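Engineer: Next up, my_file23.cif (mmCIF, C-alpha atoms and all ligand atoms).
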data_structure
#
loop_
_atom_site.group_PDB
_atom_site.id
_atom_site.type_symbol
_atom_site.label_atom_id
_atom_site.label_comp_id
_atom_site.auth_asym_id
_atom_site.auth_seq_id
_atom_site.Cartn_x
_atom_site.Cartn_y
_atom_site.Cartn_z
ATOM 1 C CA MET A 1322 49.662 -30.086 -30.063
ATOM 2 C CA GLU A 1323 47.603 -32.009 -27.558
ATOM 3 C CA GLU A 1324 49.083 -31.574 -24.103
ATOM 4 C CA ASN A 1325 49.854 -34.491 -21.794
ATOM 5 C CA LYS A 1326 49.813 -37.150 -24.532
ATOM 6 C CA LEU A 1327 53.281 -38.126 -23.314
ATOM 7 C CA LYS A 1328 52.898 -37.240 -19.646
ATOM 8 C CA GLY A 1329 55.129 -39.359 -17.411
ATOM 9 C CA LYS A 1330 57.385 -40.339 -20.321
ATOM 10 C CA VAL A 1331 61.050 -39.472 -20.742
ATOM 11 C CA ALA A 1332 62.368 -38.876 -24.247
ATOM 12 C CA LEU A 1333 65.902 -38.569 -25.584
ATOM 13 C CA VAL A 1334 66.254 -36.835 -28.944
ATOM 14 C CA THR A 1335 69.665 -36.910 -30.621
ATOM 15 C CA GLY A 1336 70.813 -33.934 -32.671
ATOM 16 C CA ALA A 1337 68.142 -31.751 -31.060
ATOM 17 C CA SER A 1338 69.913 -28.385 -31.309
ATOM 18 C CA SER A 1339 68.486 -27.691 -34.781
ATOM 19 C CA GLY A 1340 66.051 -28.722 -37.485
ATOM 20 C CA ILE A 1341 63.924 -31.836 -37.227
ATOM 21 C CA GLY A 1342 65.462 -32.976 -33.917
ATOM 22 C CA GLN A 1343 64.760 -29.592 -32.348
ATOM 23 C CA GLY A 1344 61.165 -29.710 -33.616
ATOM 24 C CA ILE A 1345 60.645 -33.219 -32.214
ATOM 25 C CA ALA A 1346 62.181 -32.361 -28.822
ATOM 26 C CA ILE A 1347 59.956 -29.287 -28.494
ATOM 27 C CA ALA A 1348 56.820 -31.162 -29.575
ATOM 28 C CA MET A 1349 57.533 -34.024 -27.164
ATOM 29 C CA GLY A 1350 58.169 -31.509 -24.369
ATOM 30 C CA HIS A 1351 54.900 -29.739 -25.159
ATOM 31 C CA ALA A 1352 53.146 -33.121 -25.112
ATOM 32 C CA GLY A 1353 54.290 -33.592 -21.507
ATOM 33 C CA ALA A 1354 57.445 -35.709 -21.888
ATOM 34 C CA LYS A 1355 60.602 -34.816 -19.986
ATOM 35 C CA VAL A 1356 63.237 -34.363 -22.649
ATOM 36 C CA VAL A 1357 66.984 -34.933 -22.914
ATOM 37 C CA VAL A 1358 68.120 -32.551 -25.648
ATOM 38 C CA ASN A 1359 71.293 -33.987 -27.176
ATOM 39 C CA PHE A 1360 73.659 -31.743 -29.092
ATOM 40 C CA HIS A 1361 77.027 -32.301 -30.744
ATOM 41 C CA SER A 1362 78.598 -28.832 -30.867
ATOM 42 C CA ASP A 1363 75.804 -26.226 -30.977
ATOM 43 C CA GLU A 1364 75.190 -25.695 -27.268
ATOM 44 C CA ASP A 1365 73.273 -22.440 -27.872
ATOM 45 C CA GLY A 1366 70.859 -24.254 -30.191
ATOM 46 C CA ALA A 1367 70.307 -26.922 -27.537
ATOM 47 C CA ARG A 1368 69.648 -24.250 -24.892
ATOM 48 C CA ASP A 1369 67.077 -22.648 -27.235
ATOM 49 C CA THR A 1370 65.327 -26.030 -27.500
ATOM 50 C CA GLN A 1371 65.403 -26.411 -23.717
ATOM 51 C CA LYS A 1372 64.036 -22.890 -23.197
ATOM 52 C CA LEU A 1373 61.160 -23.391 -25.633
ATOM 53 C CA ILE A 1374 60.159 -26.516 -23.698
ATOM 54 C CA GLU A 1375 60.518 -24.869 -20.286
ATOM 55 C CA ASP A 1376 58.675 -21.690 -21.349
ATOM 56 C CA ALA A 1377 55.650 -23.867 -22.105
ATOM 57 C CA GLY A 1378 55.857 -25.433 -18.621
ATOM 58 C CA GLY A 1379 57.825 -28.539 -19.585
ATOM 59 C CA GLU A 1380 61.087 -30.056 -18.342
ATOM 60 C CA ALA A 1381 64.283 -30.555 -20.339
ATOM 61 C CA ILE A 1382 68.031 -30.876 -19.929
ATOM 62 C CA THR A 1383 70.794 -30.572 -22.506
ATOM 63 C CA ALA A 1384 73.494 -33.212 -22.987
ATOM 64 C CA ARG A 1385 76.552 -32.992 -25.207
ATOM 65 C CA ALA A 1386 77.474 -36.231 -27.009
ATOM 66 C CA ASP A 1387 78.866 -37.503 -30.275
ATOM 67 C CA VAL A 1388 76.476 -40.333 -31.115
ATOM 68 C CA SER A 1389 79.121 -42.111 -33.188
ATOM 69 C CA LYS A 1390 81.157 -42.803 -30.023
ATOM 70 C CA ALA A 1391 80.044 -45.774 -27.917
ATOM 71 C CA GLU A 1392 80.901 -44.185 -24.568
ATOM 72 C CA ASP A 1393 79.016 -40.986 -25.481
ATOM 73 C CA ALA A 1394 75.931 -42.938 -26.573
ATOM 74 C CA GLN A 1395 75.925 -44.865 -23.278
ATOM 75 C CA LYS A 1396 76.412 -41.622 -21.349
ATOM 76 C CA LEU A 1397 73.298 -40.165 -22.987
ATOM 77 C CA ILE A 1398 71.099 -43.019 -21.824
ATOM 78 C CA ASP A 1399 72.695 -42.882 -18.346
ATOM 79 C CA THR A 1400 72.012 -39.129 -18.195
ATOM 80 C CA ALA A 1401 68.312 -39.679 -18.895
ATOM 81 C CA VAL A 1402 68.028 -42.373 -16.227
ATOM 82 C CA GLU A 1403 70.091 -40.506 -13.624
ATOM 83 C CA HIS A 1404 68.303 -37.206 -14.147
ATOM 84 C CA PHE A 1405 64.720 -38.243 -14.852
ATOM 85 C CA GLY A 1406 64.711 -41.766 -13.365
ATOM 86 C CA ARG A 1407 63.823 -43.580 -16.597
ATOM 87 C CA LEU A 1408 63.868 -43.542 -20.387
ATOM 88 C CA ASP A 1409 60.839 -44.386 -22.531
ATOM 89 C CA ILE A 1410 61.493 -42.935 -25.968
ATOM 90 C CA LEU A 1411 64.656 -42.714 -28.056
ATOM 91 C CA VAL A 1412 64.491 -40.599 -31.199
ATOM 92 C CA ASN A 1413 67.584 -41.376 -33.254
ATOM 93 C CA ASN A 1414 67.694 -38.222 -35.345
ATOM 94 C CA ALA A 1415 71.329 -37.048 -35.577
ATOM 95 C CA GLY A 1416 72.572 -37.074 -39.141
ATOM 96 C CA ILE A 1417 74.913 -35.386 -41.589
ATOM 97 C CA GLN A 1418 75.539 -35.166 -45.329
ATOM 98 C CA LYS A 1419 78.922 -35.089 -47.027
ATOM 99 C CA ASP A 1420 77.947 -35.069 -50.693
ATOM 100 C CA GLN A 1421 80.493 -36.133 -53.264
ATOM 101 C CA GLU A 1422 80.560 -37.809 -56.660
ATOM 102 C CA PHE A 1423 81.230 -41.507 -56.220
ATOM 103 C CA LEU A 1424 84.391 -41.408 -58.344
ATOM 104 C CA LYS A 1425 85.856 -38.718 -56.084
ATOM 105 C CA MET A 1426 84.499 -39.761 -52.704
ATOM 106 C CA THR A 1427 87.206 -40.267 -50.102
ATOM 107 C CA LEU A 1428 87.115 -43.014 -47.506
ATOM 108 C CA GLU A 1429 86.825 -40.267 -44.891
ATOM 109 C CA GLU A 1430 83.694 -38.802 -46.560
ATOM 110 C CA TRP A 1431 82.173 -42.272 -46.707
ATOM 111 C CA GLN A 1432 83.136 -43.217 -43.150
ATOM 112 C CA LYS A 1433 82.041 -40.011 -41.427
ATOM 113 C CA VAL A 1434 78.484 -40.326 -42.760
ATOM 114 C CA ILE A 1435 78.264 -44.048 -41.979
ATOM 115 C CA ASP A 1436 79.659 -43.433 -38.461
ATOM 116 C CA THR A 1437 77.069 -40.761 -37.644
ATOM 117 C CA ASN A 1438 73.993 -41.843 -39.605
ATOM 118 C CA LEU A 1439 74.243 -45.624 -39.177
ATOM 119 C CA THR A 1440 76.689 -46.611 -36.402
ATOM 120 C CA GLY A 1441 75.518 -43.729 -34.200
ATOM 121 C CA HIS A 1442 71.943 -44.941 -34.493
ATOM 122 C CA PHE A 1443 73.043 -48.516 -33.681
ATOM 123 C CA LEU A 1444 74.944 -47.401 -30.574
ATOM 124 C CA CYS A 1445 72.109 -45.285 -29.142
ATOM 125 C CA ALA A 1446 69.498 -47.935 -29.976
ATOM 126 C CA GLN A 1447 71.546 -50.652 -28.256
ATOM 127 C CA ALA A 1448 72.150 -48.616 -25.106
ATOM 128 C CA ALA A 1449 68.455 -47.612 -24.944
ATOM 129 C CA ALA A 1450 67.206 -51.151 -25.633
ATOM 130 C CA ARG A 1451 69.348 -52.511 -22.786
ATOM 131 C CA GLU A 1452 67.505 -50.081 -20.528
ATOM 132 C CA PHE A 1453 64.043 -50.839 -21.967
ATOM 133 C CA VAL A 1454 64.319 -54.632 -21.568
ATOM 134 C CA LYS A 1455 64.704 -54.252 -17.794
ATOM 135 C CA ARG A 1456 60.993 -53.382 -17.725
ATOM 136 C CA GLU A 1457 58.409 -56.127 -17.715
ATOM 137 C CA VAL A 1458 55.328 -55.516 -19.837
ATOM 138 C CA LYS A 1459 52.940 -58.365 -20.574
ATOM 139 C CA PRO A 1460 52.012 -59.068 -24.219
ATOM 140 C CA GLU A 1461 48.330 -58.302 -23.601
ATOM 141 C CA GLU A 1462 49.067 -54.834 -22.170
ATOM 142 C CA LYS A 1463 48.417 -52.098 -24.723
ATOM 143 C CA THR A 1464 51.610 -50.241 -23.942
ATOM 144 C CA SER A 1465 55.296 -50.787 -24.687
ATOM 145 C CA ALA A 1466 58.423 -51.197 -22.581
ATOM 146 C CA GLY A 1467 60.131 -48.610 -24.752
ATOM 147 C CA ASN A 1468 60.036 -46.903 -28.096
ATOM 148 C CA ILE A 1469 62.782 -46.406 -30.644
ATOM 149 C CA ILE A 1470 62.149 -44.073 -33.585
ATOM 150 C CA PHE A 1471 64.742 -43.755 -36.322
ATOM 151 C CA ILE A 1472 64.668 -40.586 -38.412
ATOM 152 C CA SER A 1473 65.591 -42.057 -41.766
ATOM 153 C CA SER A 1474 64.846 -40.400 -45.148
ATOM 154 C CA VAL A 1475 62.943 -40.963 -48.389
ATOM 155 C CA HIS A 1476 66.453 -41.833 -49.573
ATOM 156 C CA ASP A 1477 66.149 -45.175 -47.828
ATOM 157 C CA ILE A 1478 64.280 -46.131 -51.008
ATOM 158 C CA ILE A 1479 64.941 -43.340 -53.542
ATOM 159 C CA PRO A 1480 68.465 -43.544 -54.970
ATOM 160 C CA TRP A 1481 70.392 -40.236 -54.880
ATOM 161 C CA ALA A 1482 73.417 -39.782 -57.123
ATOM 162 C CA GLY A 1483 76.361 -38.025 -55.511
ATOM 163 C CA ARG A 1484 75.363 -39.169 -52.027
ATOM 164 C CA VAL A 1485 76.155 -42.878 -51.917
ATOM 165 C CA ASN A 1486 77.391 -42.532 -48.319
ATOM 166 C CA TYR A 1487 74.056 -41.001 -47.215
ATOM 167 C CA THR A 1488 71.797 -43.407 -49.121
ATOM 168 C CA ALA A 1489 73.776 -46.439 -47.952
ATOM 169 C CA ALA A 1490 73.387 -45.296 -44.352
ATOM 170 C CA LYS A 1491 69.655 -44.589 -44.710
ATOM 171 C CA GLY A 1492 69.032 -47.842 -46.616
ATOM 172 C CA GLY A 1493 70.943 -49.639 -43.858
ATOM 173 C CA LEU A 1494 68.775 -47.969 -41.221
ATOM 174 C CA GLN A 1495 65.692 -49.419 -42.889
ATOM 175 C CA MET A 1496 66.854 -52.994 -42.346
ATOM 176 C CA MET A 1497 68.339 -52.217 -38.929
ATOM 177 C CA MET A 1498 64.936 -50.907 -37.864
ATOM 178 C CA LYS A 1499 63.047 -53.956 -39.156
ATOM 179 C CA SER A 1500 65.503 -56.477 -37.712
ATOM 180 C CA LEU A 1501 65.467 -54.734 -34.346
ATOM 181 C CA ALA A 1502 61.666 -54.558 -34.352
ATOM 182 C CA GLN A 1503 61.612 -58.320 -34.945
ATOM 183 C CA GLU A 1504 64.248 -59.047 -32.301
ATOM 184 C CA LEU A 1505 62.892 -56.756 -29.591
ATOM 185 C CA ALA A 1506 59.149 -57.400 -29.988
ATOM 186 C CA LYS A 1507 59.281 -60.139 -27.341
ATOM 187 C CA TYR A 1508 60.437 -57.497 -24.851
ATOM 188 C CA LYS A 1509 57.565 -55.236 -25.947
ATOM 189 C CA VAL A 1510 59.976 -52.680 -27.354
ATOM 190 C CA ARG A 1511 58.551 -50.921 -30.418
ATOM 191 C CA VAL A 1512 60.938 -49.907 -33.201
ATOM 192 C CA ASN A 1513 59.852 -47.760 -36.150
ATOM 193 C CA ALA A 1514 61.167 -45.199 -38.593
ATOM 194 C CA ILE A 1515 59.966 -41.900 -39.966
ATOM 195 C CA SER A 1516 61.308 -41.107 -43.410
ATOM 196 C CA PRO A 1517 61.015 -37.391 -44.130
ATOM 197 C CA GLY A 1518 60.915 -35.912 -47.615
ATOM 198 C CA ALA A 1519 62.257 -32.382 -48.152
ATOM 199 C CA ILE A 1520 62.086 -30.498 -44.853
ATOM 200 C CA LYS A 1521 63.400 -26.940 -44.490
ATOM 201 C CA THR A 1522 66.446 -27.228 -42.191
ATOM 202 C CA ASP A 1523 70.176 -26.411 -42.198
ATOM 203 C CA ILE A 1524 71.033 -29.710 -43.910
ATOM 204 C CA ASN A 1525 69.449 -28.541 -47.224
ATOM 205 C CA ARG A 1526 69.558 -24.744 -46.708
ATOM 206 C CA LYS A 1527 71.597 -24.301 -49.920
ATOM 207 C CA GLU A 1528 68.725 -25.831 -51.887
ATOM 208 C CA TRP A 1529 65.664 -24.045 -50.430
ATOM 209 C CA GLU A 1530 67.308 -20.636 -50.007
ATOM 210 C CA THR A 1531 67.383 -19.883 -53.729
ATOM 211 C CA GLU A 1532 64.346 -19.462 -55.971
ATOM 212 C CA GLU A 1533 65.758 -21.991 -58.428
ATOM 213 C CA GLY A 1534 66.482 -24.529 -55.678
ATOM 214 C CA ARG A 1535 62.990 -24.137 -54.227
ATOM 215 C CA LYS A 1536 61.423 -24.677 -57.664
ATOM 216 C CA LYS A 1537 63.477 -27.835 -58.173
ATOM 217 C CA MET A 1538 62.476 -29.151 -54.750
ATOM 218 C CA LEU A 1539 58.800 -28.405 -55.358
ATOM 219 C CA SER A 1540 58.899 -30.235 -58.697
ATOM 220 C CA GLN A 1541 59.548 -33.398 -56.646
ATOM 221 C CA ILE A 1542 56.730 -32.821 -54.123
ATOM 222 C CA PRO A 1543 53.214 -33.589 -55.429
ATOM 223 C CA TYR A 1544 51.625 -32.010 -52.355
ATOM 224 C CA GLY A 1545 53.044 -28.624 -53.379
ATOM 225 C CA ARG A 1546 54.857 -27.409 -50.291
ATOM 226 C CA ILE A 1547 58.231 -27.954 -48.695
ATOM 227 C CA GLY A 1548 57.903 -29.615 -45.302
ATOM 228 C CA GLU A 1549 58.761 -28.102 -41.937
ATOM 229 C CA PRO A 1550 60.180 -29.743 -38.790
ATOM 230 C CA GLU A 1551 56.698 -29.600 -37.173
ATOM 231 C CA ASP A 1552 55.364 -31.910 -39.902
ATOM 232 C CA ILE A 1553 57.741 -34.604 -38.680
ATOM 233 C CA ALA A 1554 57.464 -33.688 -34.995
ATOM 234 C CA LYS A 1555 53.694 -34.252 -34.825
ATOM 235 C CA VAL A 1556 54.049 -37.717 -36.331
ATOM 236 C CA ALA A 1557 56.900 -38.593 -33.964
ATOM 237 C CA VAL A 1558 54.809 -37.612 -30.929
ATOM 238 C CA TRP A 1559 51.896 -39.734 -32.093
ATOM 239 C CA LEU A 1560 54.128 -42.704 -32.922
ATOM 240 C CA ALA A 1561 55.549 -42.547 -29.390
ATOM 241 C CA THR A 1562 52.111 -42.655 -27.738
ATOM 242 C CA ASP A 1563 50.128 -45.770 -26.881
ATOM 243 C CA GLU A 1564 47.675 -44.791 -29.645
ATOM 244 C CA ALA A 1565 50.296 -46.289 -31.953
ATOM 245 C CA ASP A 1566 50.873 -49.313 -29.696
ATOM 246 C CA TYR A 1567 50.251 -51.881 -32.446
ATOM 247 C CA ILE A 1568 52.808 -50.304 -34.813
ATOM 248 C CA THR A 1569 56.251 -51.834 -34.851
ATOM 249 C CA GLY A 1570 58.660 -52.451 -37.732
ATOM 250 C CA SER A 1571 57.039 -49.755 -39.895
ATOM 251 C CA THR A 1572 58.362 -46.789 -41.795
ATOM 252 C CA LEU A 1573 56.080 -43.770 -42.092
ATOM 253 C CA TYR A 1574 56.941 -41.711 -45.169
ATOM 254 C CA VAL A 1575 56.182 -38.096 -44.268
ATOM 255 C CA ASP A 1576 57.084 -36.529 -47.571
ATOM 256 C CA GLY A 1577 54.187 -34.740 -49.309
ATOM 257 C CA GLY A 1578 54.166 -37.591 -51.806
ATOM 258 C CA MET A 1579 57.836 -37.466 -52.791
ATOM 259 C CA THR A 1580 57.935 -41.259 -52.925
ATOM 260 C CA LEU A 1581 55.076 -41.336 -55.474
ATOM 261 C CA TYR A 1582 57.432 -40.957 -58.462
ATOM 262 C CA PRO A 1583 56.019 -37.490 -59.369
ATOM 263 C CA SER A 1584 57.815 -37.385 -62.740
ATOM 264 C CA PHE A 1585 55.394 -40.141 -63.878
ATOM 265 C CA SER A 1586 52.295 -38.121 -62.985
ATOM 266 C CA GLU A 1587 51.720 -36.623 -66.452
HETATM 267 P P1 LIG A 1601 70.226 -30.515 -39.159
HETATM 268 O O1 LIG A 1601 71.572 -30.353 -39.734
HETATM 269 O O2 LIG A 1601 69.509 -29.305 -38.695
HETATM 270 O O3 LIG A 1601 70.221 -31.551 -37.962
HETATM 271 C C1 LIG A 1601 71.156 -32.579 -37.786
HETATM 272 C C2 LIG A 1601 71.536 -32.601 -36.328
HETATM 273 O O4 LIG A 1601 72.392 -33.714 -36.070
HETATM 274 C C3 LIG A 1601 72.299 -31.332 -35.932
HETATM 275 O O5 LIG A 1601 71.734 -30.805 -34.761
HETATM 276 C C4 LIG A 1601 73.701 -31.853 -35.672
HETATM 277 O O6 LIG A 1601 74.413 -31.123 -34.688
HETATM 278 C C5 LIG A 1601 73.424 -33.264 -35.205
HETATM 279 N N1 LIG A 1601 74.593 -34.132 -35.312
HETATM 280 C C6 LIG A 1601 75.413 -34.291 -36.373
HETATM 281 N N2 LIG A 1601 76.407 -35.161 -36.068
HETATM 282 C C7 LIG A 1601 76.183 -35.548 -34.776
HETATM 283 C C8 LIG A 1601 76.847 -36.423 -33.888
HETATM 284 N N3 LIG A 1601 77.950 -37.096 -34.262
HETATM 285 N N4 LIG A 1601 76.355 -36.570 -32.631
HETATM 286 C C9 LIG A 1601 75.243 -35.907 -32.232
HETATM 287 N N5 LIG A 1601 74.571 -35.055 -33.044
HETATM 288 C C10 LIG A 1601 75.041 -34.893 -34.289
HETATM 289 O O7 LIG A 1601 69.371 -31.268 -40.286
HETATM 290 P P2 LIG A 1601 67.960 -32.003 -40.222
HETATM 291 O O8 LIG A 1601 67.398 -31.875 -41.559
HETATM 292 O O9 LIG A 1601 67.193 -31.555 -39.056
HETATM 293 O O10 LIG A 1601 68.404 -33.523 -40.020
HETATM 294 C C11 LIG A 1601 67.910 -34.366 -39.010
HETATM 295 C C12 LIG A 1601 67.741 -35.776 -39.525
HETATM 296 O O11 LIG A 1601 66.719 -35.777 -40.519
HETATM 297 C C13 LIG A 1601 68.980 -36.350 -40.212
HETATM 298 O O12 LIG A 1601 69.136 -37.702 -39.850
HETATM 299 C C14 LIG A 1601 68.651 -36.218 -41.691
HETATM 300 O O13 LIG A 1601 69.340 -37.155 -42.466
HETATM 301 C C15 LIG A 1601 67.169 -36.465 -41.659
HETATM 302 N N6 LIG A 1601 66.452 -35.989 -42.844
HETATM 303 C C16 LIG A 1601 66.354 -34.668 -43.136
HETATM 304 C C17 LIG A 1601 65.654 -34.264 -44.271
HETATM 305 C C18 LIG A 1601 65.487 -32.822 -44.660
HETATM 306 O O14 LIG A 1601 64.972 -32.549 -45.766
HETATM 307 N N7 LIG A 1601 65.865 -31.873 -43.845
HETATM 308 C C19 LIG A 1601 65.067 -35.218 -45.098
HETATM 309 C C20 LIG A 1601 65.195 -36.560 -44.770
HETATM 310 C C21 LIG A 1601 65.881 -36.936 -43.641
#
In structure tokens, write the structure found in this file.

Structural biologist:
Amino acid sequence: MEENKLKGKVALVTGASSGIGQGIAIAMGHAGAKVVVNFHSDEDGARDTQKLIEDAGGEAITARADVSKAEDAQKLIDTAVEHFGRLDILVNNAGIQKDQEFLKMTLEEWQKVIDTNLTGHFLCAQAAAREFVKREVKPEEKTSAGNIIFISSVHDIIPWAGRVNYTAAKGGLQMMMKSLAQELAKYKVRVNAISPGAIKTDINRKEWETEEGRKKMLSQIPYGRIGEPEDIAKVAVWLATDEADYITGSTLYVDGGMTLYPSFSE
């Protein structure tokens, strides 16, 4: 990872005690950003993230918050500003799955996923955007007033039976991202999404831990390997730099070709 690509920037990564969020927080820290490592309940995981950043000479703090609660989301942004003096990058990563057949899905199973994966992203994006718009950046400057990156999923376009709560949230994120990008462009706030394919984390451990599960996953990935958090982290770092200054309202599918309908390849 190129050092100092994000020097002087402050990043907040939600759900950064494990998986993709942890990978992004570490990569942003290694790229020179000061990082607020949000966690929900796994404080040890968040401390590990912090340590990995600090061991490489970076700066990070941990902050407990439930992103689905408005006051917690606001507190996260306030923590970044109070501690590091500013916020430049929000990575809305926190997410959960509560899989259930549609005919059996309870309102609670539906609501919990929508609250975390959709409303939580709205709340953090709103609180961050209110901070970003205080900055004045002229249209001709090749830098932004702030960056919002949503971690969505290939399931914002690929339907997924037994997970209607998850796909509805991710599909919703897609339009939230585009509408926000449109609305906030005049403030020079960039809004984009990264949609990962199958990445080895706790969320899908049950699938990749068994030989059979791995085979099934690989059958859906033309590129022939299951992704790792670093695959997403590198893209997130780049998207947050001014190298990507002209990108707003886009979704980058980082999925080894999962969205290429591999079952049609023969
Ligand atoms: P993960 O379970 O390791 O990470 C999810 C993180 O979100 C955890 O750290 C968890 O504590 C946190 N979280 C959950 N509810 C929260 C809340 N209310 N407030 C704050 N934090 C909360 O799994 P992951 O795979 O790293 O998932 C990260 C994101 O990537 C999710 O949005 C997920 O939908 C998305 N994603 C993952 C994959 C994959 O294959 N792993 C694929 C596509 C999209």

Engineer: Check which residues fall inside 7 Å of ligand LIG 1601 (chain A) when counting all atoms listed in the file, and print them as a PyMOL selection string.

Structural biologist: chain A and resi 1335-1342+1359-1363+1386-1389+1414-1417+1437-1438+1472-1475+1516-1525

Engineer: When you count only C-alpha atoms, which of these residues is closest to Lys1328 in chain A: A:Ile1435, A:Ala1554, A:Ile1469, A:Val1356?

Structural biologist: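 Nearest candidate to Lys1328 in chain A out of A:Ile1435, A:Ala1554, A:Ile1469, A:Val1356: A:Val1356.
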
Engineer: Restricting the calculation to only C-alpha atoms, which member of A:Ser1584, A:Glu1549, A:Glu1375, A:Ala1450 is positioned closest to Ala1502 in chain A?

Structural biologist: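 Result for the nearest residue to Ala1502 in chain A: A:Ala1450.
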
Engineer: Calculated over all atoms listed in the file, which of the candidates A:Leu1327, A:Met1349, A:Ala1449, A:Met1579 has the smallest distance to Asp1563 in chain A?

Structural biologist: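 Using all atoms listed in the file, Asp1563 in chain A sits closest to A:Leu1327.
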
Engineer: At most 9 Å from (57.6, -29.2, -20.4), file frame, only C-alpha atoms: which residues, as a PDB file with C-alpha atoms, keeping the file's coordinate frame?

Structural biologist:
ATOM      1  CA  ILE A1347      59.956 -29.287 -28.494  1.00  0.00           C
ATOM      2  CA  MET A1349      57.533 -34.024 -27.164  1.00  0.00           C
ATOM      3  CA  GLY A1350      58.169 -31.509 -24.369  1.00  0.00           C
ATOM      4  CA  HIS A1351      54.900 -29.739 -25.159  1.00  0.00           C
ATOM      5  CA  ALA A1352      53.146 -33.121 -25.112  1.00  0.00           C
ATOM      6  CA  GLY A1353      54.290 -33.592 -21.507  1.00  0.00           C
ATOM      7  CA  ALA A1354      57.445 -35.709 -21.888  1.00  0.00           C
ATOM      8  CA  LYS A1355      60.602 -34.816 -19.986  1.00  0.00           C
ATOM      9  CA  VAL A1356      63.237 -34.363 -22.649  1.00  0.00           C
ATOM     10  CA  GLN A1371      65.403 -26.411 -23.717  1.00  0.00           C
ATOM     11  CA  LEU A1373      61.160 -23.391 -25.633  1.00  0.00           C
ATOM     12  CA  ILE A1374      60.159 -26.516 -23.698  1.00  0.00           C
ATOM     13  CA  GLU A1375      60.518 -24.869 -20.286  1.00  0.00           C
ATOM     14  CA  ASP A1376      58.675 -21.690 -21.349  1.00  0.00           C
ATOM     15  CA  ALA A1377      55.650 -23.867 -22.105  1.00  0.00           C
ATOM     16  CA  GLY A1378      55.857 -25.433 -18.621  1.00  0.00           C
ATOM     17  CA  GLY A1379      57.825 -28.539 -19.585  1.00  0.00           C
ATOM     18  CA  GLU A1380      61.087 -30.056 -18.342  1.00  0.00           C
ATOM     19  CA  ALA A1381      64.283 -30.555 -20.339  1.00  0.00           C
TER      20      ALA A1381
END

Engineer: Near Tyr1567 in chain A, within 10 Å and counting only C-alpha atoms, which residues show up once chain neighbours fewer than 5 positions away are dropped, as a compact mmCIF listing (two decimals) with C-alpha atoms, in the coordinates of the input?

Structural biologist:
# COMPACT_ATOMS: atom_id res chain seq x y z
CA LYS A 1463 48.42 -52.10 -24.72
CA THR A 1464 51.61 -50.24 -23.94
CA SER A 1465 55.30 -50.79 -24.69
CA ARG A 1511 58.55 -50.92 -30.42
CA LEU A 1560 54.13 -42.70 -32.92

Engineer: Please identify all polymer residues within 12 Å of Glu1587 in chain A, counting only C-alpha atoms, omitting same-chain residues fewer than 4 positions from it, and present them as a list of chain:residue names.

Structural biologist: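 What passes the distance filter is A:Pro1543, A:Tyr1582, A:Pro1583.
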
Engineer: One decimal, Å: what's the distance from CA of Lys1527 in chain A over to CA of Ala1514 in chain A, could you say?

Structural biologist: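 According to the coordinates, CA of Lys1527 in chain A and CA of Ala1514 in chain A are separated by 26.0 Å.
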
Engineer: So what does the PyMOL selection byres (((chain A and resi 1486) around 10) and not hetatm) actually pick up in this one, as a list in words?

Structural biologist: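 So the PyMOL selection byres (((chain A and resi 1486) around 10) and not hetatm) ends up selecting Gln1418, Lys1419, Asp1420, Gln1421, Phe1423, Met1426, Leu1428, Glu1430, Trp1431, Gln1432, Lys1433, Val1434, Ile1435, Asn1438, Trp1481, Gly1483, Arg1484, Val1485, Tyr1487, Thr1488, Ala1489, Ala1490 and Lys1491 of chain A.
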
Engineer: Can I get C-alpha atoms for range 1508-1535 of chain A, as a PDB file, in the first residue's frame?

Structural biologist:
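Resulting contents of result_33.pdb:
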ATOM      1  CA  TYR A1508     -21.155  21.030  -2.204  1.00  0.00           C
ATOM      2  CA  LYS A1509     -18.303  19.044  -3.779  1.00  0.00           C
ATOM      3  CA  VAL A1510     -19.109  16.010  -1.666  1.00  0.00           C
ATOM      4  CA  ARG A1511     -18.388  12.759  -3.516  1.00  0.00           C
ATOM      5  CA  VAL A1512     -20.646   9.766  -2.873  1.00  0.00           C
ATOM      6  CA  ASN A1513     -19.890   6.297  -4.244  1.00  0.00           C
ATOM      7  CA  ALA A1514     -20.362   2.634  -3.461  1.00  0.00           C
ATOM      8  CA  ILE A1515     -18.198  -0.451  -3.531  1.00  0.00           C
ATOM      9  CA  SER A1516     -20.130  -3.653  -4.083  1.00  0.00           C
ATOM     10  CA  PRO A1517     -18.085  -6.652  -2.969  1.00  0.00           C
ATOM     11  CA  GLY A1518     -18.630 -10.176  -4.243  1.00  0.00           C
ATOM     12  CA  ALA A1519     -17.760 -13.108  -1.965  1.00  0.00           C
ATOM     13  CA  ILE A1520     -15.164 -11.958   0.566  1.00  0.00           C
ATOM     14  CA  LYS A1521     -13.879 -14.251   3.324  1.00  0.00           C
ATOM     15  CA  THR A1522     -15.209 -12.741   6.580  1.00  0.00           C
ATOM     16  CA  ASP A1523     -17.352 -13.738   9.579  1.00  0.00           C
ATOM     17  CA  ILE A1524     -20.576 -12.858   7.739  1.00  0.00           C
ATOM     18  CA  ASN A1525     -20.188 -15.874   5.370  1.00  0.00           C
ATOM     19  CA  ARG A1526     -17.858 -18.075   7.473  1.00  0.00           C
ATOM     20  CA  LYS A1527     -20.382 -20.953   7.376  1.00  0.00           C
ATOM     21  CA  GLU A1528     -20.083 -21.014   3.586  1.00  0.00           C
ATOM     22  CA  TRP A1529     -16.296 -20.798   3.039  1.00  0.00           C
ATOM     23  CA  GLU A1530     -15.303 -22.985   5.995  1.00  0.00           C
ATOM     24  CA  THR A1531     -16.489 -26.212   4.381  1.00  0.00           C
ATOM     25  CA  GLU A1532     -15.065 -27.771   1.224  1.00  0.00           C
ATOM     26  CA  GLU A1533     -18.546 -28.020  -0.273  1.00  0.00           C
ATOM     27  CA  GLY A1534     -19.359 -24.390   0.556  1.00  0.00           C
ATOM     28  CA  ARG A1535     -16.077 -23.185  -0.939  1.00  0.00           C
TER      29      ARG A1535
END
